[in-house]
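First up is the structure itself, then whatever we jot down about it.
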4 protein chains.
Amino acid sequence: MIRVGVIGYGYWGPNLVRNFMAAPGSAVTRVCDLRKERLSSLGKLYPALKTCSDSTELINDPQIDAVVIATPVSSHFELAMGALKAGKHVLVEKPLATTSDQARKLVEEAAARNLTVLVDHTFVYTDAVRKIRELIASGELGQIYYYDAVRVNLGLFQHDVNVIWDLAIHDLSIMDYVLPARPVAISATGISHVPGQPENVAYITLFFDSAQIAHVHVNWLTPVKVRHTLIGGSEKMILYDDLEPSEKLKVYDKGISVAPGPEDVYRMLVSYRSGDMWAPRLENTEALQTEALHFIDCVENNKQPETDGLAGLRMVNMIEAAETSLRDRGRLINIQW
Amino acid sequence: MIRVGVIGYGYWGPNLVRNFMAAPGSAVTRVCDLRKERLSSLGKLYPALKTCSDSTELINDPQIDAVVIATPVSSHFELAMGALKAGKHVLVEKPLATTSDQARKLVEEAAARNLTVLVDHTFVYTDAVRKIRELIASGELGQIYYYDAVRVNLGLFQHDVNVIWDLAIHDLSIMDYVLPARPVAISATGISHVPGQPENVAYITLFFDSAQIAHVHVNWLTPVKVRHTLIGGSEKMILYDDLEPSEKLKVYDKGISVAPGPEDVYRMLVSYRSGDMWAPRLENTEALQTEALHFIDCVENNKQPETDGLAGLRMVNMIEAAETSLRDRGRLINIQW
Amino acid sequence: MIRVGVIGYGYWGPNLVRNFMAAPGSAVTRVCDLRKERLSSLGKLYPALKTCSDSTELINDPQIDAVVIATPVSSHFELAMGALKAGKHVLVEKPLATTSDQARKLVEEAAARNLTVLVDHTFVYTDAVRKIRELIASGELGQIYYYDAVRVNLGLFQHDVNVIWDLAIHDLSIMDYVLPARPVAISATGISHVPGQPENVAYITLFFDSAQIAHVHVNWLTPVKVRHTLIGGSEKMILYDDLEPSEKLKVYDKGISVAPGPEDVYRMLVSYRSGDMWAPRLENTEALQTEALHFIDCVENNKQPETDGLAGLRMVNMIEAAETSLRDRGRLINIQW
Amino acid sequence: MIRVGVIGYGYWGPNLVRNFMAAPGSAVTRVCDLRKERLSSLGKLYPALKTCSDSTELINDPQIDAVVIATPVSSHFELAMGALKAGKHVLVEKPLATTSDQARKLVEEAAARNLTVLVDHTFVYTDAVRKIRELIASGELGQIYYYDAVRVNLGLFQHDVNVIWDLAIHDLSIMDYVLPARPVAISATGISHVPGQPENVAYITLFFDSAQIAHVHVNWLTPVKVRHTLIGGSEKMILYDDLEPSEKLKVYDKGISVAPGPEDVYRMLVSYRSGDMWAPRLENTEALQTEALHFIDCVENNKQPETDGLAGLRMVNMIEAAETSLRDRGRLINIQW
């Protein structure tokens, strides 16, 4: 039984508490938040829970094995480092930290202490994304040609992070999980429409060593909500529409056939293929439930999480590169792994 | 009565012939195509039409006032220049030419001879696009924040031009027509998935002098067809979905309100606005009909077409810049006007 | 402050408890359910609540002003009657009772004791349905021609009531609320696909005294979920799609114009009108919140609820007529009001 | 080579002429229409064609083997009978005739003379409908539970036939083609919203000998166009949406499982099944092309058309029953086969 302490009881914290309460191998024993009124609403729901407003107290609580961090981004590093130094396993909301330096330190600290760090890249734990990974890994799509994601809506303007940290990280972490190859360079563009505020529109192109390309479009200021990902392969193609209630994934047996032309190898004959479409049935497991069970399994059996500290570091790395490129209007930035 | 000669009777030529036949102020008197079998199918439909397989013959035909060019891209310059030199008005399929040099020469030749040149940027003549221009010009959208276009499908692979020349030109010409401001710099990325073939995926960001951004995504290799344009303004926003049979345009009274924060001018308070949506009724006039009538009007009354040679030159300019940027993986290219 | 007791803590009960807890003018003081485990889950959430498993105890609790009944349909009459006889106001889940006789007795008992009865026809309290009523009442739609509702999905098979009692009642109650006229006769058809089980498909036509028609299609056994209502008027038409996340209502300025023909008054000239479409902004208030506040207001100020006992009786009346017709394969049944 | 004469060159005639011109085994040799201006437009397209304005002349033309009738409904019987009596094969637009008596006489006359009659139930010749028949015939859907069709739009008001003759006939003929069983009784309701005009809304329920039900909803007066057919089976279910450009058919592996309950055979346990969805690839053959080739094949090889005179008679039979029922507000009418 993993005893879990949760720091931060705002928007996402209640979901984390509920799932670690419900999971067979864990129980939430303490919750920390600076805002008294948040904690009192919690008291009604879980009268037995201990609460506190000082995160150090929770981190050092000997009754706690793992610390879940659901606080504003700027505090992730300090809290996670504190928890690791106190010998606790850590689950931290995305992003892992605000700089790759910080992220690297967390990875090293966890490794040195043999502690588990799981970064809450939630979408990785959805049934749809896990199915996509399975389809790609099985070779069913053939060679991957492109990955194109659109995640736009009339969203909450954030004051401290831009739309890449807020939205694109979801697509970057899904891509990181489902694609075998990793991007090697990045070109990003974007803009802020409110003076003094972070960018609210961004376009990110990712280059790979092979003939593969990826692109992410995020925007906090569109009148309609779109969650649309296209993945093109040489054999099949996927449309992943997260807003579809029942057919989130569609697998198309469509593509092109390429044959050398009669005259010349560079005069290829390209023709279409068009076959059936297939929408695999997906369970509707709550992603956080899958994630909570996975975290417990990793802690108990000393396994590496699917979204471990290194995955968290890769995301921060990519976002740093994207921001550098964006501020220089699309200048190509190589990604250091 | 404008007497029209049409060169090229392939995919688009029949539509041009039909519309200039039907228009009150014009008649097609001669059609030229290298392929005899194309001309014979024409003979059944319009027995009175003269045909020929030599474009010079048509261009020099004294019975012809205007030459319509619907041939492969690489021949546009030579044919248009020939027609201008023979004193004919010219309507040419997009793009106007394959280089900005050529395009500029055509503009100059037409100006020197006081002849009309209209470039067939067809979408400019659709009811939907004309309505968008009207909405933006009236100020209803407020300040324009972004223009985002997606034009993807499982499309015909072309051997001589890439997906930018084939598809993005539609969005660039729509944008040129509806937006008051012109882009000043460009960053493009893309890839070819068939060795030796032109790029089949491209992403283009356009920068403006103001806090405005535009982006075009084109792809010949997607399993679903998408024609989706979002235009965000400070007051209203437009979704233009060309595949919608009856509600192509939706105007949303949605956006953000910005007020200075209590402490500090850089701590803006950004909040949402959400109001009604409105889909204006559109006529379903065939775009080519509107275009043909406009061409006749310009020729007869010596007016400047809405998509004149200069508009054609701007498109070639932008595409050249986009290609340069794309080959250098997103490097910023300033656009010379 | 209205003190509320809730009987039945199954699927819908928790929503009722939550809303009467949150409403400013009420508090839930006691909850009753036969199933101990349901009550214990409740204890975690609201430790101060009294619970019991005997409904009589709750009904006779002098600390309770109003009884909310969320139990299986067959118990509605007895519990509601008991509550009224104990001098309590009553809110009862739909349907009010299983026969019109029972429903009539409840109406009479409440009237005699001057107690409030509200039947939980939930959709009446949604923003979309209230907007539809407003549009029709304002005359904007002109004369109503038809009301057509489809409510189908792969739904829970019920053993004691058929698909009319389960699903069609929603549409009948929406129609009762938004249409000025009441149906005078009914013809229904349907079928059961599982021997010994209630009908799982039904089609109901409702006739009016005027040239108006209504139809409801309900089905527990369709592969896709549809919630689609069309309301046609002589001036405008409404499409109400409850599954649309943000544009549930679309108002079309479409219809026909009728003019006497040249020869003969019976040779009418019918032509189309097609204008703009408009989607009014809707709040997203939870229907149960609006309903709870309305119930409190009715109890405190002795008002008649919008879905009072008589509305509940009308629904039972119509469903009885529909069932009679269905069992006789569409035979016309006059509705007694 | 079948020599075809076409009577009626209005809305549908040109499509018939084009297809019988293009089909390898046939040629249109003569076209008849009362309206001179229609025939002159034809002359431009097919200069070699003979034309006339007297149908008797065409019918008696010895150079003609088969007569195609695309005239107003009221003339179908007389023209078809005349053609048969002149020894010609006949293809007639739907419906075959205006009464079952007439239809029966045509069937008998054709049989007596061993001539082919094909009724143009166009949808039967679409790839989507042929695939549905194949899926049902293969047993893949299991036992058929229901067939539900919606065909509504803002349609042309007709003066001489109601919406059943105009629209429902499409669904009745599709159903006739794909379902192994035939309906035995009918209950229909509907209304006219323009005094003196035929019904513009209708609802038709069809009963079968087995536990199967069918329903057709047609309406000329809806603001949106819907072409939606649901076919439910014990094993799989089909959604056929004719307006979908590329996925017209979706086959759902969804349904219910029924097992006897523990206590009692009438207390069935009904539970859900939910599996993959599959959209078979369809060719986009023009239905009229398939139909023309089929007609030629039947004439040449003395085969019975899939939509022969008997199919045409069945449609007229069903529509007569539906009209009788509709005028009596849903009264059950047995269908005489």
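Going through the structure tokens in order, the chains are called A, B, and so on, while each chain numbers its residues from 1 and the ligands are numbered from 1 in the order shown.
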
Task: Exercise answer, chain D residues close to chain C, 9 Å and only C-alpha atoms, as a PyMOL selection string - done: chain D and resi 145-146+154-159+186-197+201+203+205+207+211-213+215+221-224+230-232+236-239+251-256+258+265-268+270-272+274+328-332

- [ ] Find the spatial neighbours of Asn162 in chain B, counting only C-alpha atoms, within a cut-off of 8 Å - ignore same-chain residues fewer than 3 positions away - and output them as a VMD selection string.
- [x] chain B and resid 158 to 159 165 to 166 198 to 200

- [ ] Mind the document's chain letters and residue numbers, and return as JSON, numbers by chain the residues of range 1-193 of chain A that DSSP labels strand (DSSP E or B).
- [x] {"A": [2, 3, 4, 5, 6, 7, 26, 27, 28, 29, 30, 31, 32, 50, 51, 52, 66, 67, 68, 69, 89, 90, 91, 92, 93, 117, 118, 119, 120, 144, 145, 146, 147, 148, 149, 150, 151, 152, 153, 154, 185, 186, 187, 188, 189, 190, 191]}

Residue selection dump (C-alpha atoms) as a JSON list (two decimals), in the first residue's frame:
```json
[["chain", "number", "residue", "atom", "x", "y", "z"],
["A", 2, "ILE", "CA", 1.59, 3.24, -1.21],
["A", 3, "ARG", "CA", 0.77, 6.18, 1.05],
["A", 4, "VAL", "CA", 0.39, 9.26, -1.10],
["A", 5, "GLY", "CA", 0.62, 12.93, -0.20],
["A", 6, "VAL", "CA", -0.77, 15.47, -2.65],
["A", 7, "ILE", "CA", 0.52, 19.05, -2.88],
["A", 26, "SER", "CA", -2.63, 3.25, -2.71],
["A", 27, "ALA", "CA", -4.29, 5.66, -0.32],
["A", 28, "VAL", "CA", -4.01, 9.41, -0.06],
["A", 29, "THR", "CA", -3.11, 10.22, 3.51],
["A", 30, "ARG", "CA", -2.42, 13.93, 3.37],
["A", 31, "VAL", "CA", -3.18, 16.91, 1.14],
["A", 32, "CYS", "CA", -1.44, 20.27, 1.19],
["A", 50, "LYS", "CA", -4.88, 15.00, 7.14],
["A", 51, "THR", "CA", -4.32, 18.41, 5.60],
["A", 52, "CYS", "CA", -1.70, 21.10, 5.91],
["A", 66, "ALA", "CA", 5.07, 9.21, -2.60],
["A", 67, "VAL", "CA", 4.41, 12.88, -3.27],
["A", 68, "VAL", "CA", 2.06, 14.02, -6.01],
["A", 69, "ILE", "CA", 2.68, 17.60, -7.15],
["A", 89, "HIS", "CA", 8.73, 8.89, -5.02],
["A", 90, "VAL", "CA", 7.30, 11.70, -7.11],
["A", 91, "LEU", "CA", 4.45, 12.16, -9.58],
["A", 92, "VAL", "CA", 4.47, 15.67, -10.98],
["A", 93, "GLU", "CA", 2.05, 17.45, -13.26],
["A", 117, "VAL", "CA", 9.58, 9.93, -11.01],
["A", 118, "LEU", "CA", 6.49, 9.95, -13.21],
["A", 119, "VAL", "CA", 5.54, 13.06, -15.17],
["A", 120, "ASP", "CA", 1.82, 13.44, -15.67],
["A", 144, "ILE", "CA", 5.72, 6.99, -40.87],
["A", 145, "TYR", "CA", 5.48, 9.99, -43.19],
["A", 146, "TYR", "CA", 4.04, 12.73, -41.01],
["A", 147, "TYR", "CA", 2.40, 13.53, -37.68],
["A", 148, "ASP", "CA", 0.14, 16.57, -37.69],
["A", 149, "ALA", "CA", -1.66, 17.80, -34.57],
["A", 150, "VAL", "CA", -4.11, 20.65, -34.08],
["A", 151, "ARG", "CA", -5.14, 21.61, -30.54],
["A", 152, "VAL", "CA", -7.03, 24.91, -30.57],
["A", 153, "ASN", "CA", -9.96, 26.45, -28.71],
["A", 154, "LEU", "CA", -11.05, 29.56, -26.84],
["A", 185, "ALA", "CA", 15.56, 19.89, -35.05],
["A", 186, "ILE", "CA", 12.71, 22.32, -34.63],
["A", 187, "SER", "CA", 11.35, 25.44, -36.30],
["A", 188, "ALA", "CA", 8.58, 27.34, -34.53],
["A", 189, "THR", "CA", 6.60, 30.49, -35.14],
["A", 190, "GLY", "CA", 3.94, 32.24, -33.11],
["A", 191, "ILE", "CA", 2.61, 35.44, -31.70]]
```

Task: Trp337 in chain C environment, 10 Å, only C-alpha atoms, sequence neighbours closer than 5 positions dropped, as a PyMOL selection string - done: chain C and resi 182-184+310+313-314+317-318

Open item on the list: Between CA of His228 in chain C and CA of Val226 in chain D, what is the distance in Å, rounded to a tenth?
Closed with: 11.1 Å

Within 10 Å of Trp12 in chain B, counting only C-alpha atoms, which residues qualify if same-chain residues fewer than 2 places away don't, as a PDB file with C-alpha atoms, in the first residue's frame?
```
ATOM      1  CA  GLY B   8      -5.668  24.226 -73.418  1.00  0.00           C
ATOM      2  CA  TYR B   9      -8.718  21.981 -73.281  1.00  0.00           C
ATOM      3  CA  GLY B  10      -7.772  19.621 -70.449  1.00  0.00           C
ATOM      4  CA  PRO B  14     -14.019  22.978 -70.605  1.00  0.00           C
ATOM      5  CA  ASN B  15     -15.260  25.018 -67.636  1.00  0.00           C
ATOM      6  CA  LEU B  16     -13.729  28.161 -69.058  1.00  0.00           C
ATOM      7  CA  VAL B  17     -15.204  27.514 -72.494  1.00  0.00           C
ATOM      8  CA  ILE B  69      -4.699  30.170 -71.112  1.00  0.00           C
ATOM      9  CA  ALA B  70      -5.392  26.836 -69.405  1.00  0.00           C
ATOM     10  CA  THR B  71      -2.213  24.937 -70.158  1.00  0.00           C
ATOM     11  CA  GLU B  93      -4.822  30.004 -64.967  1.00  0.00           C
TER      12      GLU B  93
END
```

- [ ] Among the residues of range 17-265 of chain A, find those DSSP assigns to alpha helix (DSSP H) from the backbone and print them as number ranges by chain.
- [x] A: 17-22, 36-45, 55-59, 76-85, 100-113, 127-137, 163, 169-178

Write to file, as a short mmCIF file (atom, residue, chain, number, x, y, z; two decimals), in the first residue's frame, the residues of the selection just made, with C-alpha atoms.
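So selection_33.cif came out as:
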```cif
data_model
loop_
_atom_site.label_atom_id
_atom_site.label_comp_id
_atom_site.auth_asym_id
_atom_site.auth_seq_id
_atom_site.Cartn_x
_atom_site.Cartn_y
_atom_site.Cartn_z
CA VAL A 17 -6.76 12.54 -4.99
CA ARG A 18 -9.84 10.68 -6.20
CA ASN A 19 -7.81 8.26 -8.32
CA PHE A 20 -5.16 7.49 -5.71
CA MET A 21 -7.95 7.01 -3.17
CA ALA A 22 -9.73 4.57 -5.45
CA LYS A 36 -7.56 27.06 3.52
CA GLU A 37 -10.90 27.10 1.72
CA ARG A 38 -9.73 24.45 -0.74
CA LEU A 39 -8.78 22.16 2.11
CA SER A 40 -12.09 22.60 3.89
CA SER A 41 -14.02 21.50 0.81
CA LEU A 42 -11.79 18.44 0.88
CA GLY A 43 -12.63 17.77 4.52
CA LYS A 44 -16.27 17.23 3.65
CA LEU A 45 -15.37 14.59 1.09
CA SER A 55 4.45 21.67 1.75
CA THR A 56 7.65 20.97 3.75
CA GLU A 57 5.56 19.37 6.44
CA LEU A 58 3.95 17.04 3.92
CA ILE A 59 7.23 16.25 2.18
CA HIS A 76 7.50 21.99 -9.69
CA PHE A 77 11.28 21.84 -9.49
CA GLU A 78 11.65 22.91 -5.88
CA LEU A 79 8.87 20.68 -4.60
CA ALA A 80 9.96 17.66 -6.60
CA MET A 81 13.57 18.07 -5.55
CA GLY A 82 12.52 18.46 -1.94
CA ALA A 83 10.44 15.32 -2.11
CA LEU A 84 13.22 13.30 -3.73
CA LYS A 85 15.71 14.49 -1.10
CA SER A 100 16.02 21.59 -18.95
CA ASP A 101 18.70 22.18 -16.33
CA GLN A 102 16.20 21.73 -13.56
CA ALA A 103 14.66 18.73 -15.29
CA ARG A 104 18.08 17.11 -15.65
CA LYS A 105 18.83 17.61 -11.97
CA LEU A 106 15.58 15.92 -11.02
CA VAL A 107 16.35 12.98 -13.26
CA GLU A 108 19.80 12.62 -11.72
CA GLU A 109 18.58 12.96 -8.18
CA ALA A 110 15.93 10.30 -8.70
CA ALA A 111 18.44 7.97 -10.34
CA ALA A 112 20.95 8.43 -7.53
CA ARG A 113 18.33 7.61 -4.93
CA ASP A 127 -6.86 4.24 -24.49
CA ALA A 128 -6.75 6.07 -27.83
CA VAL A 129 -3.07 7.01 -27.58
CA ARG A 130 -2.07 3.57 -26.36
CA LYS A 131 -3.88 2.06 -29.33
CA ILE A 132 -2.04 4.41 -31.71
CA ARG A 133 1.29 3.33 -30.27
CA GLU A 134 0.29 -0.30 -30.69
CA LEU A 135 -0.74 0.26 -34.32
CA ILE A 136 2.51 2.01 -35.17
CA ALA A 137 4.67 -0.49 -33.28
CA VAL A 163 0.43 28.20 -25.33
CA ILE A 169 3.22 19.73 -24.54
CA HIS A 170 0.27 17.33 -24.84
CA ASP A 171 1.02 16.68 -28.50
CA LEU A 172 4.76 16.54 -28.01
CA SER A 173 4.35 13.93 -25.27
CA ILE A 174 1.89 11.87 -27.32
CA MET A 175 4.29 11.98 -30.25
CA ASP A 176 7.19 11.04 -27.98
CA TYR A 177 5.22 8.00 -26.86
CA VAL A 178 3.89 6.74 -30.19
#
```
